[in-house]
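Colleague: For reference, the file input36.txt (compact mmCIF, C-alpha atoms and all ligand atoms) is included below:
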```txt
# COMPACT_ATOMS: atom_id res chain seq x y z
CA MET A 1 -1.07 6.38 24.31
CA VAL A 2 1.70 5.09 22.03
CA VAL A 3 1.32 2.14 19.65
CA LEU A 4 4.17 0.37 17.91
CA GLY A 5 3.28 -1.08 14.50
CA ILE A 6 5.12 -3.65 12.43
CA GLU A 7 4.71 -3.94 8.66
CA SER A 8 6.18 -6.88 6.74
CA THR A 9 3.66 -7.95 4.09
CA ALA A 10 6.07 -7.89 1.12
CA HIS A 11 9.34 -6.06 0.30
CA THR A 12 9.27 -3.61 3.17
CA ALA A 13 10.15 -4.24 6.80
CA SER A 14 9.02 -1.23 8.80
CA VAL A 15 8.40 -0.18 12.37
CA GLY A 16 6.30 2.85 13.26
CA LEU A 17 5.36 4.62 16.48
CA VAL A 18 2.20 6.70 16.61
CA ASP A 19 0.36 8.46 19.42
CA GLU A 20 -3.38 8.89 20.01
CA ARG A 21 -3.51 12.08 17.90
CA ALA A 22 -2.00 10.23 14.92
CA GLU A 23 1.27 12.07 15.43
CA VAL A 24 3.87 9.92 13.68
CA LEU A 25 6.65 9.73 16.27
CA ALA A 26 8.90 7.50 14.18
CA VAL A 27 9.08 5.36 11.06
CA ALA A 28 12.07 3.11 10.48
CA SER A 29 11.96 1.10 7.25
CA ASP A 30 14.17 -1.04 5.11
CA MET A 31 13.23 -2.50 1.73
CA TYR A 32 14.35 -5.85 0.42
CA ARG A 33 15.67 -5.39 -3.12
CA PRO A 34 16.01 -8.62 -5.10
CA PRO A 35 19.40 -8.75 -6.88
CA HIS A 36 17.55 -9.66 -10.08
CA GLY A 37 13.98 -10.43 -11.13
CA GLY A 38 11.00 -10.29 -8.79
CA ILE A 39 10.55 -10.89 -5.08
CA HIS A 40 11.49 -14.25 -3.54
CA PRO A 41 9.28 -14.63 -0.43
CA ARG A 42 11.83 -16.59 1.64
CA GLU A 43 14.71 -14.24 0.79
CA ALA A 44 12.53 -11.25 1.67
CA ALA A 45 11.47 -12.92 4.94
CA ASN A 46 15.13 -13.54 5.85
CA HIS A 47 15.81 -9.87 5.22
CA HIS A 48 12.93 -8.89 7.53
CA VAL A 49 14.07 -11.27 10.30
CA GLU A 50 17.54 -9.77 10.17
CA ARG A 51 16.47 -6.14 10.00
CA LEU A 52 13.38 -5.88 12.23
CA PRO A 53 15.07 -5.96 15.67
CA GLU A 54 17.32 -3.11 14.61
CA LEU A 55 14.39 -1.19 13.12
CA VAL A 56 12.51 -1.51 16.43
CA ARG A 57 15.53 -0.01 18.19
CA HIS A 58 15.85 2.79 15.62
CA ALA A 59 12.17 3.68 15.88
CA LEU A 60 12.29 3.87 19.68
CA GLU A 61 15.42 6.03 19.52
CA GLN A 62 13.93 8.31 16.84
CA ALA A 63 10.79 8.82 18.93
CA LYS A 64 12.73 9.05 22.22
CA ILE A 65 10.31 6.51 23.66
CA ARG A 66 11.18 3.81 26.21
CA PRO A 67 9.67 0.33 25.78
CA SER A 68 7.71 0.92 29.01
CA GLU A 69 5.93 3.84 27.29
CA VAL A 70 4.56 1.66 24.47
CA ASP A 71 0.92 0.77 25.20
CA ALA A 72 0.20 -1.81 22.48
CA VAL A 73 1.95 -3.71 19.70
CA ALA A 74 0.21 -3.95 16.31
CA PHE A 75 1.22 -6.04 13.33
CA ALA A 76 0.08 -6.55 9.74
CA GLN A 77 -1.79 -9.86 9.80
CA GLY A 78 -2.51 -9.97 6.06
CA PRO A 79 -2.87 -9.97 3.13
CA GLY A 80 0.69 -10.62 2.03
CA LEU A 81 3.40 -13.19 1.52
CA GLY A 82 3.26 -15.90 4.21
CA PRO A 83 6.94 -16.02 5.15
CA CYS A 84 7.20 -12.22 5.25
CA LEU A 85 4.07 -11.86 7.38
CA ARG A 86 5.34 -14.50 9.80
CA ALA A 87 8.63 -12.62 10.24
CA GLY A 88 6.81 -9.46 11.36
CA ALA A 89 4.24 -11.32 13.46
CA THR A 90 6.98 -13.21 15.31
CA VAL A 91 8.72 -9.99 16.30
CA ALA A 92 5.39 -8.42 17.34
CA ARG A 93 4.48 -11.44 19.52
CA MET A 94 7.89 -11.38 21.13
CA LEU A 95 7.61 -7.67 21.98
CA ALA A 96 4.05 -8.06 23.27
CA LEU A 97 5.16 -10.90 25.56
CA ALA A 98 8.38 -9.23 26.70
CA TRP A 99 6.68 -5.89 27.41
CA ASP A 100 3.41 -7.46 28.59
CA ARG A 101 1.30 -5.39 26.20
CA PRO A 102 -1.76 -6.24 24.06
CA LEU A 103 -1.14 -7.63 20.58
CA VAL A 104 -3.36 -6.07 17.90
CA PRO A 105 -3.82 -7.60 14.42
CA VAL A 106 -4.27 -5.15 11.54
CA ASN A 107 -5.38 -5.63 7.95
CA HIS A 108 -2.78 -4.06 5.66
CA CYS A 109 -5.28 -2.59 3.17
CA VAL A 110 -7.43 -1.12 5.93
CA ALA A 111 -4.27 0.49 7.33
CA HIS A 112 -3.65 2.28 4.01
CA VAL A 113 -7.18 3.74 4.19
CA GLU A 114 -6.99 4.70 7.87
CA ILE A 115 -3.70 6.59 7.65
CA ALA A 116 -4.96 8.50 4.58
CA ARG A 117 -8.29 9.18 6.30
CA ILE A 118 -6.77 10.70 9.42
CA LEU A 119 -4.12 12.70 7.53
CA SER A 120 -6.66 14.08 5.05
CA GLY A 121 -9.30 14.91 7.64
CA LEU A 122 -11.83 13.39 5.22
CA ASP A 123 -14.44 11.41 7.09
CA ASP A 124 -15.51 8.82 4.55
CA PRO A 125 -13.36 8.90 1.43
CA LEU A 126 -12.96 6.21 -1.18
CA LEU A 127 -9.43 4.74 -1.41
CA LEU A 128 -7.59 4.00 -4.63
CA TYR A 129 -5.02 1.53 -3.38
CA ALA A 130 -2.32 1.07 -6.00
CA SER A 131 0.68 -0.89 -4.77
CA GLY A 132 2.97 -3.71 -5.86
CA GLY A 133 0.67 -6.64 -5.17
CA ASN A 134 -2.68 -4.86 -4.78
CA THR A 135 -4.86 -2.70 -6.97
CA GLN A 136 -8.24 -2.00 -5.41
CA VAL A 137 -10.91 0.63 -5.05
CA ILE A 138 -12.17 0.46 -1.47
CA ALA A 139 -15.05 2.18 0.35
CA HIS A 140 -16.64 1.72 3.75
CA ALA A 141 -20.19 0.39 3.83
CA ARG A 142 -22.25 -1.49 6.42
CA GLY A 143 -19.51 -2.00 8.99
CA ARG A 144 -16.72 -3.12 6.67
CA TYR A 145 -14.34 -1.81 4.06
CA ARG A 146 -15.65 -3.15 0.75
CA VAL A 147 -13.61 -3.81 -2.35
CA LEU A 148 -15.66 -2.20 -5.14
CA GLY A 149 -13.22 -2.92 -7.92
CA GLU A 150 -9.83 -4.55 -8.33
CA THR A 151 -7.30 -6.02 -10.69
CA LEU A 152 -8.34 -9.24 -12.34
CA ASP A 153 -4.74 -10.38 -12.82
CA ILE A 154 -1.60 -8.73 -11.43
CA GLY A 155 -1.15 -5.68 -9.18
CA ILE A 156 -0.27 -2.43 -10.99
CA GLY A 157 3.14 -2.15 -9.27
CA ASN A 158 4.12 -5.73 -10.07
CA PHE A 159 3.06 -5.06 -13.64
CA LEU A 160 5.28 -1.94 -13.86
CA ASP A 161 8.19 -3.75 -12.20
CA LYS A 162 7.95 -6.78 -14.47
CA LEU A 163 7.66 -4.61 -17.57
CA TRP A 164 10.64 -2.46 -16.64
CA ILE A 165 12.81 -5.51 -15.97
CA GLU A 166 11.79 -6.99 -19.36
CA LEU A 167 12.75 -3.67 -20.96
CA GLY A 168 16.25 -3.98 -19.47
CA GLY A 169 15.84 -2.10 -16.17
CA THR A 170 16.04 -3.14 -12.53
CA PHE A 171 13.59 -3.29 -9.61
CA PRO A 172 11.66 -1.15 -8.68
CA GLY A 173 10.24 -0.31 -12.10
CA GLY A 174 7.57 2.26 -11.21
CA PRO A 175 9.81 5.24 -10.34
CA ALA A 176 12.21 4.50 -13.25
CA LEU A 177 9.32 4.28 -15.71
CA GLU A 178 8.00 7.58 -14.37
CA LYS A 179 11.30 9.28 -15.23
CA GLU A 180 11.54 7.59 -18.61
CA ALA A 181 7.95 8.58 -19.46
CA LEU A 182 8.86 12.28 -19.10
CA GLU A 183 10.88 11.88 -22.31
CA GLY A 184 8.01 10.20 -24.16
CA ARG A 185 6.52 11.99 -27.17
CA GLU A 186 4.22 9.53 -28.92
CA LEU A 187 1.13 7.82 -27.44
CA LEU A 188 1.24 4.26 -28.76
CA PRO A 189 -1.94 2.16 -28.90
CA LEU A 190 -2.17 -0.31 -25.99
CA PRO A 191 -5.11 -2.42 -24.82
CA TYR A 192 -7.35 -0.47 -22.45
CA SER A 193 -8.72 -3.10 -20.12
CA VAL A 194 -11.55 -1.88 -17.88
CA HIS A 195 -14.34 -4.28 -16.93
CA GLY A 196 -16.95 -2.46 -14.88
CA MET A 197 -14.98 -1.43 -11.79
CA ASP A 198 -12.21 -3.97 -12.42
CA VAL A 199 -9.02 -3.69 -14.48
CA ALA A 200 -6.44 -6.05 -16.00
CA PHE A 201 -2.81 -5.40 -16.90
CA SER A 202 -1.35 -8.53 -18.48
CA GLY A 203 -2.65 -7.56 -21.95
CA ILE A 204 -0.78 -4.22 -21.77
CA LEU A 205 2.36 -6.06 -20.70
CA THR A 206 2.24 -8.40 -23.71
CA ALA A 207 1.40 -5.58 -26.14
CA THR A 208 4.16 -3.30 -24.81
CA LEU A 209 6.79 -6.02 -25.16
CA ALA A 210 5.58 -6.73 -28.70
CA LEU A 211 5.93 -3.01 -29.60
CA SER A 212 9.37 -2.99 -28.01
CA ALA A 213 10.44 -5.99 -30.12
CA LYS A 214 9.32 -4.02 -33.20
CA GLY A 215 11.65 -1.17 -32.23
CA ALA A 216 9.38 1.31 -30.40
CA ARG A 217 11.36 3.85 -28.29
CA ARG A 218 11.47 3.07 -24.57
CA PRO A 219 10.41 6.59 -23.47
CA ASP A 220 7.35 6.36 -25.75
CA LEU A 221 6.53 2.94 -24.33
CA ALA A 222 6.87 4.22 -20.75
CA TYR A 223 4.71 7.27 -21.52
CA SER A 224 2.03 5.16 -23.25
CA VAL A 225 1.97 2.59 -20.45
CA GLU A 226 1.57 5.30 -17.79
CA VAL A 227 -1.17 7.16 -19.65
CA THR A 228 -3.08 3.95 -20.43
CA ALA A 229 -2.77 2.20 -17.06
CA TYR A 230 -3.39 5.34 -14.96
CA SER A 231 -6.39 6.29 -17.13
CA MET A 232 -7.84 2.88 -16.34
CA LEU A 233 -7.34 3.42 -12.60
CA THR A 234 -8.82 6.91 -12.81
CA GLU A 235 -11.85 5.61 -14.70
CA ILE A 236 -12.70 2.88 -12.17
CA THR A 237 -12.20 5.34 -9.32
CA GLU A 238 -14.62 7.78 -10.96
CA ARG A 239 -17.16 5.02 -11.55
CA ALA A 240 -16.93 3.97 -7.90
CA LEU A 241 -17.35 7.59 -6.73
CA ALA A 242 -20.42 7.97 -8.92
CA HIS A 243 -22.00 4.69 -7.82
CA ARG A 244 -21.35 5.26 -4.12
CA GLY A 245 -22.37 8.91 -4.26
CA ARG A 246 -19.04 10.06 -2.79
CA ASP A 247 -16.95 13.08 -3.63
CA ALA A 248 -13.63 12.44 -1.88
CA VAL A 249 -10.85 10.07 -2.84
CA VAL A 250 -7.57 9.29 -1.09
CA LEU A 251 -4.58 7.45 -2.54
CA GLY A 252 -2.42 4.75 -1.03
CA GLY A 253 0.25 2.26 -2.07
CA GLY A 254 3.67 2.74 -3.66
CA VAL A 255 2.27 3.55 -7.10
CA ALA A 256 0.36 6.43 -5.50
CA CYS A 257 3.77 8.17 -5.31
CA ASN A 258 3.45 8.68 -9.06
CA GLU A 259 2.94 12.32 -10.06
CA ARG A 260 1.00 11.53 -13.23
CA LEU A 261 -1.43 9.26 -11.37
CA ARG A 262 -1.90 11.87 -8.63
CA THR A 263 -2.61 14.58 -11.19
CA MET A 264 -5.05 12.45 -13.18
CA VAL A 265 -7.06 11.42 -10.12
CA ARG A 266 -7.01 14.97 -8.72
CA THR A 267 -8.23 16.40 -12.04
CA MET A 268 -11.03 13.81 -12.17
CA ALA A 269 -12.11 14.42 -8.56
CA GLU A 270 -12.03 18.21 -8.85
CA GLY A 271 -13.95 17.96 -12.13
CA ARG A 272 -16.73 16.39 -10.07
CA ASN A 273 -16.48 19.17 -7.45
CA GLY A 274 -14.79 16.68 -5.14
CA THR A 275 -11.37 16.39 -3.52
CA MET A 276 -8.32 14.17 -3.74
CA PHE A 277 -5.73 13.62 -1.02
CA ALA A 278 -2.47 11.71 -1.25
CA PRO A 279 -0.40 11.14 1.91
CA PRO A 280 3.28 12.12 1.88
CA ARG A 281 5.28 9.48 0.02
CA ALA A 282 6.75 7.89 3.17
CA LEU A 283 3.20 7.12 4.33
CA CYS A 284 1.88 6.08 0.88
CA VAL A 285 4.33 3.20 0.61
CA ASP A 286 4.14 0.29 3.05
CA ASN A 287 5.09 1.59 6.50
CA GLY A 288 4.82 0.71 10.18
CA ALA A 289 3.09 4.00 11.10
CA MET A 290 -0.13 3.09 9.28
CA ILE A 291 -0.16 -0.27 11.09
CA ALA A 292 0.43 1.49 14.42
CA TRP A 293 -2.33 4.04 13.78
CA THR A 294 -4.88 1.40 12.74
CA GLY A 295 -3.73 -0.69 15.69
CA HIS A 296 -4.52 2.29 17.91
CA LEU A 297 -8.05 2.59 16.46
CA ALA A 298 -8.64 -1.15 16.83
CA HIS A 299 -7.21 -1.28 20.34
CA GLU A 300 -9.43 1.61 21.47
CA ALA A 301 -12.39 -0.36 20.10
CA GLY A 302 -11.36 -3.38 22.19
CA VAL A 303 -9.57 -5.46 19.55
CA SER A 304 -6.61 -7.64 20.61
CA VAL A 305 -5.57 -11.27 20.22
CA PRO A 306 -3.72 -13.74 22.43
CA VAL A 307 -0.43 -14.99 20.99
CA GLU A 308 -2.01 -18.41 20.30
CA GLY A 309 -4.70 -16.74 18.21
CA SER A 310 -2.42 -14.45 16.24
CA ALA A 311 -1.77 -16.55 13.14
CA VAL A 312 -1.06 -14.56 9.99
CA GLU A 313 -3.59 -14.62 7.14
CA PRO A 314 -1.82 -14.30 3.78
CA ARG A 315 -5.16 -14.14 1.93
CA GLN A 316 -7.09 -12.04 4.42
CA ARG A 317 -9.92 -10.28 2.58
CA THR A 318 -10.42 -6.62 3.40
CA ASP A 319 -14.20 -7.07 3.54
CA LEU A 320 -14.01 -9.86 6.12
CA VAL A 321 -12.34 -7.64 8.72
CA PRO A 322 -14.71 -5.92 11.20
CA THR A 323 -14.06 -2.21 11.80
CA PRO A 324 -15.63 -1.59 15.23
CA TRP A 325 -14.01 1.86 15.47
CA ARG A 326 -16.15 3.13 12.62
CA THR A 327 -19.79 3.93 13.21
CA GLY A 328 -22.47 4.38 10.59
P1 LIG B 1 4.17 -1.01 -2.15
O1 LIG B 1 3.79 -2.40 -2.63
O2 LIG B 1 2.99 -0.21 -1.72
O3 LIG B 1 5.29 -1.00 -1.15
O4 LIG B 1 4.73 -0.22 -3.42
C1 LIG B 1 5.79 -0.73 -4.20
C2 LIG B 1 5.45 -0.52 -5.67
O5 LIG B 1 5.31 0.87 -5.95
C3 LIG B 1 6.53 -1.05 -6.61
O6 LIG B 1 5.90 -1.86 -7.55
C4 LIG B 1 7.09 0.23 -7.24
O7 LIG B 1 7.52 0.04 -8.59
C5 LIG B 1 5.91 1.17 -7.19
N1 LIG B 1 6.27 2.59 -7.21
C6 LIG B 1 7.02 3.27 -6.30
N2 LIG B 1 7.17 4.56 -6.68
C7 LIG B 1 6.49 4.71 -7.86
C8 LIG B 1 6.28 5.80 -8.76
N3 LIG B 1 6.81 7.01 -8.55
N4 LIG B 1 5.53 5.55 -9.87
C9 LIG B 1 4.99 4.33 -10.09
N5 LIG B 1 5.18 3.27 -9.28
C10 LIG B 1 5.92 3.45 -8.19
MG MG B 2 0.73 -1.76 0.68
```
With the file now loaded, output its structure as structure tokens.

Modeller:
Amino acid sequence: MVVLGIESTAHTASVGLVDERAEVLAVASDMYRPPHGGIHPREAANHHVERLPELVRHALEQAKIRPSEVDAVAFAQGPGLGPCLRAGATVARMLALAWDRPLVPVNHCVAHVEIARILSGLDDPLLLYASGGNTQVIAHARGRYRVLGETLDIGIGNFLDKLWIELGGTFPGGPALEKEALEGRELLPLPYSVHGMDVAFSGILTATLALSAKGARRPDLAYSVEVTAYSMLTEITERALAHRGRDAVVLGGGVACNERLRTMVRTMAEGRNGTMFAPPRALCVDNGAMIAWTGHLAHEAGVSVPVEGSAVEPRQRTDLVPTPWRTG
């Protein structure tokens, strides 16, 4: 059983091939990098339209799989940017029709959890999903993945990107800030914005830029931003673990590539006699393999849609998506 998965919710166009044992046979990705400023949905969608056919070919070649050996085609239905989602969905529909295979819609956030769940071997972990557009703490309960806490304003990655660009850098900001923060010496006071299991970042953005205008060193700013923002994420994750009576947490999303965040969450989880697992970086960031794997689970549970019923859902809520492959 081989499933091809297409991811195109935001910057990344990616095609993955996965088998029934969650063996990742191929991942072919290409990221749209805006020449300046943030993402422009139509420009990103154009990028995906241009690149996806080639990425499909690359993935098949990498995996040494013929189209006739692909059993189902999965695509990220939402949440994400409308034009970008439509680019991926169009390619998925075309392949499903051309190869006469079932078309399987997948929720992007659920896919982050499922790939981390299978790779970790953890049965029922909590997910800290920290990406460009999303920041959520997710756990499974009563047949759905539930969002226990989330950002009240912008996603953590978008916050880091915007901040770094304002400080004179270029996209993506997260990895550059991580390097810069290694040179930081002084922890500057920034607003610590935790509200129950929710967080907010725009106050830190404003305060950091104000400190920068007053002459604070950029490495100290980067260090202070990382410590503050990642402490907030660690705190809401710990609160969710405590409330849900769980002991395992997995990470997902591009920001989960960050070494400081990984260490902080691991230290917290192990301090509670629990465990933390972070997938390899290529499977933390947006990728077609997680869509393919979740597509496999959904397909096995009987999920598929006709082309006419395969509209994308830019605002699809994680907790509105049934998960028939999970029992209990
Ligand atoms: P995603 O939306 O999941 O594709 O992730 C993209 C986001 O991850 C961007 O906002 C990046 O700045 C951020 N990111 C990638 N690597 C790192 C890192 N090492 N530290 C912090 N943020 C990162
Ligand atoms: Mg993502």

Colleague: Residues within 8 Å of ligand LIG 1 (chain B) (all atoms listed in the file), as a VMD selection string?

Modeller: chain A and resid 10 to 12 130 to 134 156 to 161 171 to 178 252 to 259 284 to 286

Colleague: Would you save the residues from that selection as a JSON list (two decimals), keeping the file's coordinate frame, using C-alpha atoms?

Modeller:
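Okay, this is what ended up in result.json:
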```
[["chain", "number", "residue", "atom", "x", "y", "z"],
["A", 10, "ALA", "CA", 6.07, -7.89, 1.12],
["A", 11, "HIS", "CA", 9.34, -6.06, 0.30],
["A", 12, "THR", "CA", 9.27, -3.61, 3.17],
["A", 130, "ALA", "CA", -2.32, 1.07, -6.00],
["A", 131, "SER", "CA", 0.68, -0.89, -4.77],
["A", 132, "GLY", "CA", 2.97, -3.71, -5.86],
["A", 133, "GLY", "CA", 0.67, -6.64, -5.17],
["A", 134, "ASN", "CA", -2.68, -4.86, -4.78],
["A", 156, "ILE", "CA", -0.27, -2.43, -10.99],
["A", 157, "GLY", "CA", 3.14, -2.15, -9.27],
["A", 158, "ASN", "CA", 4.12, -5.73, -10.07],
["A", 159, "PHE", "CA", 3.06, -5.06, -13.64],
["A", 160, "LEU", "CA", 5.28, -1.94, -13.86],
["A", 161, "ASP", "CA", 8.19, -3.75, -12.20],
["A", 171, "PHE", "CA", 13.59, -3.29, -9.61],
["A", 172, "PRO", "CA", 11.66, -1.15, -8.68],
["A", 173, "GLY", "CA", 10.24, -0.31, -12.10],
["A", 174, "GLY", "CA", 7.57, 2.26, -11.21],
["A", 175, "PRO", "CA", 9.81, 5.24, -10.34],
["A", 176, "ALA", "CA", 12.21, 4.50, -13.25],
["A", 177, "LEU", "CA", 9.32, 4.28, -15.71],
["A", 178, "GLU", "CA", 8.00, 7.58, -14.37],
["A", 252, "GLY", "CA", -2.42, 4.75, -1.03],
["A", 253, "GLY", "CA", 0.25, 2.26, -2.07],
["A", 254, "GLY", "CA", 3.67, 2.74, -3.66],
["A", 255, "VAL", "CA", 2.27, 3.55, -7.10],
["A", 256, "ALA", "CA", 0.36, 6.43, -5.50],
["A", 257, "CYS", "CA", 3.77, 8.17, -5.31],
["A", 258, "ASN", "CA", 3.45, 8.68, -9.06],
["A", 259, "GLU", "CA", 2.94, 12.32, -10.06],
["A", 284, "CYS", "CA", 1.88, 6.08, 0.88],
["A", 285, "VAL", "CA", 4.33, 3.20, 0.61],
["A", 286, "ASP", "CA", 4.14, 0.29, 3.05]]
```

Colleague: Considering all atoms listed in the file, can you say which of A:Gly143, A:Gly149, A:Gly78, A:Gly309 comes closest to ligand MG 2 (chain B)?

Modeller: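 The answer is A:Gly78, which sits nearest to ligand MG 2 (chain B).
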
Colleague: If we count all atoms listed in the file and set the cut-off at 12 Å, which residues sit around A:Glu150, ignoring sequence neighbours fewer than 2 positions away in its own chain? Please answer as a PDB file with C-alpha atoms, in the coordinates of the input.

Modeller:
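So the final result, stored in part_15.pdb, reads:
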```
ATOM      1  CA  LEU A 127      -9.430   4.740  -1.410  1.00  0.00           C
ATOM      2  CA  LEU A 128      -7.590   4.000  -4.630  1.00  0.00           C
ATOM      3  CA  TYR A 129      -5.020   1.530  -3.380  1.00  0.00           C
ATOM      4  CA  ALA A 130      -2.320   1.070  -6.000  1.00  0.00           C
ATOM      5  CA  SER A 131       0.680  -0.890  -4.770  1.00  0.00           C
ATOM      6  CA  GLY A 133       0.670  -6.640  -5.170  1.00  0.00           C
ATOM      7  CA  ASN A 134      -2.680  -4.860  -4.780  1.00  0.00           C
ATOM      8  CA  THR A 135      -4.860  -2.700  -6.970  1.00  0.00           C
ATOM      9  CA  GLN A 136      -8.240  -2.000  -5.410  1.00  0.00           C
ATOM     10  CA  VAL A 137     -10.910   0.630  -5.050  1.00  0.00           C
ATOM     11  CA  ILE A 138     -12.170   0.460  -1.470  1.00  0.00           C
ATOM     12  CA  ARG A 146     -15.650  -3.150   0.750  1.00  0.00           C
ATOM     13  CA  VAL A 147     -13.610  -3.810  -2.350  1.00  0.00           C
ATOM     14  CA  LEU A 148     -15.660  -2.200  -5.140  1.00  0.00           C
ATOM     15  CA  LEU A 152      -8.340  -9.240 -12.340  1.00  0.00           C
ATOM     16  CA  ASP A 153      -4.740 -10.380 -12.820  1.00  0.00           C
ATOM     17  CA  ILE A 154      -1.600  -8.730 -11.430  1.00  0.00           C
ATOM     18  CA  GLY A 155      -1.150  -5.680  -9.180  1.00  0.00           C
ATOM     19  CA  ILE A 156      -0.270  -2.430 -10.990  1.00  0.00           C
ATOM     20  CA  SER A 193      -8.720  -3.100 -20.120  1.00  0.00           C
ATOM     21  CA  VAL A 194     -11.550  -1.880 -17.880  1.00  0.00           C
ATOM     22  CA  HIS A 195     -14.340  -4.280 -16.930  1.00  0.00           C
ATOM     23  CA  GLY A 196     -16.950  -2.460 -14.880  1.00  0.00           C
ATOM     24  CA  MET A 197     -14.980  -1.430 -11.790  1.00  0.00           C
ATOM     25  CA  ASP A 198     -12.210  -3.970 -12.420  1.00  0.00           C
ATOM     26  CA  VAL A 199      -9.020  -3.690 -14.480  1.00  0.00           C
ATOM     27  CA  ALA A 200      -6.440  -6.050 -16.000  1.00  0.00           C
ATOM     28  CA  PHE A 201      -2.810  -5.400 -16.900  1.00  0.00           C
ATOM     29  CA  MET A 232      -7.840   2.880 -16.340  1.00  0.00           C
ATOM     30  CA  LEU A 233      -7.340   3.420 -12.600  1.00  0.00           C
ATOM     31  CA  ILE A 236     -12.700   2.880 -12.170  1.00  0.00           C
ATOM     32  CA  THR A 237     -12.200   5.340  -9.320  1.00  0.00           C
ATOM     33  CA  ALA A 240     -16.930   3.970  -7.900  1.00  0.00           C
ATOM     34  CA  THR A 318     -10.420  -6.620   3.400  1.00  0.00           C
TER      35      THR A 318
END
```

Colleague: Quick one: pull the distance between atom CA of A:Gly16 and atom CA of A:Val250, Å, one decimal.

Modeller: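 Atom-to-atom, atom CA of A:Gly16 to atom CA of A:Val250, that is 21.0 Å.
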
Colleague: Would you pick out the contacts of stretch 292-294 of chain A at 6 Å or less, using only C-alpha atoms, so that residues sharing its chain but fewer than 2 positions from it are not included, and give the list as a PDB file with C-alpha atoms, in the coordinates of the input?

Modeller:
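Once written, around.pdb looks like this:
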```pdb
ATOM      1  CA  VAL A   3       1.320   2.140  19.650  1.00  0.00           C
ATOM      2  CA  LEU A   4       4.170   0.370  17.910  1.00  0.00           C
ATOM      3  CA  GLY A   5       3.280  -1.080  14.500  1.00  0.00           C
ATOM      4  CA  VAL A  18       2.200   6.700  16.610  1.00  0.00           C
ATOM      5  CA  ALA A  74       0.210  -3.950  16.310  1.00  0.00           C
ATOM      6  CA  ALA A 111      -4.270   0.490   7.330  1.00  0.00           C
ATOM      7  CA  ALA A 289       3.090   4.000  11.100  1.00  0.00           C
ATOM      8  CA  MET A 290      -0.130   3.090   9.280  1.00  0.00           C
ATOM      9  CA  HIS A 296      -4.520   2.290  17.910  1.00  0.00           C
ATOM     10  CA  LEU A 297      -8.050   2.590  16.460  1.00  0.00           C
TER      11      LEU A 297
END
```

Colleague: Would you mind reading off the distance between atom CA of A:Thr327 and atom CA of A:Arg266, one decimal, in Å?

Modeller: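 Separation of atom CA of A:Thr327 and atom CA of A:Arg266: 27.7 Å.
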
Colleague: Which residue is closest to A:Ile39? Choose from A:Glu20, A:Cys84, A:Arg260, A:Glu69 and count only C-alpha atoms.

Modeller: A:Cys84

Colleague: What's around stretch 101-105 of chain A at 10 Å? Count all atoms listed in the file, leave out sequence neighbours fewer than 4 positions away in its own chain, and write the answer as a ChimeraX atom specification.

Modeller: /A:3-6,68,70-78,89,92-97,291-292,294-299,302-307,309-312

Colleague: Measuring between all atoms listed in the file, which one of A:His47, A:Arg218, A:Arg57, A:His108 shows the shortest distance to ligand MG 2 (chain B)?

Modeller: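 The shortest atom-to-atom distance to ligand MG 2 (chain B) comes from A:His108.
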
Colleague: Mind pulling up the distance from atom CA of A:His40 to atom CA of A:Leu283?

Modeller: 24.2 Å

Colleague: Of the residues A:Met268, A:Ala242, A:Leu126, A:Ala13, which is the one nearest to ligand MG 2 (chain B), using all atoms listed in the file?

Modeller: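 So, comparing all the options, the nearest one is A:Ala13.
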
Colleague: Let me make sure I understand: among A:Pro125, A:Pro79, A:Gly184, A:Pro41, which one has the smallest atom-to-atom distance to ligand MG 2 (chain B) if we use only C-alpha atoms and all ligand atoms?

Modeller: A:Pro79
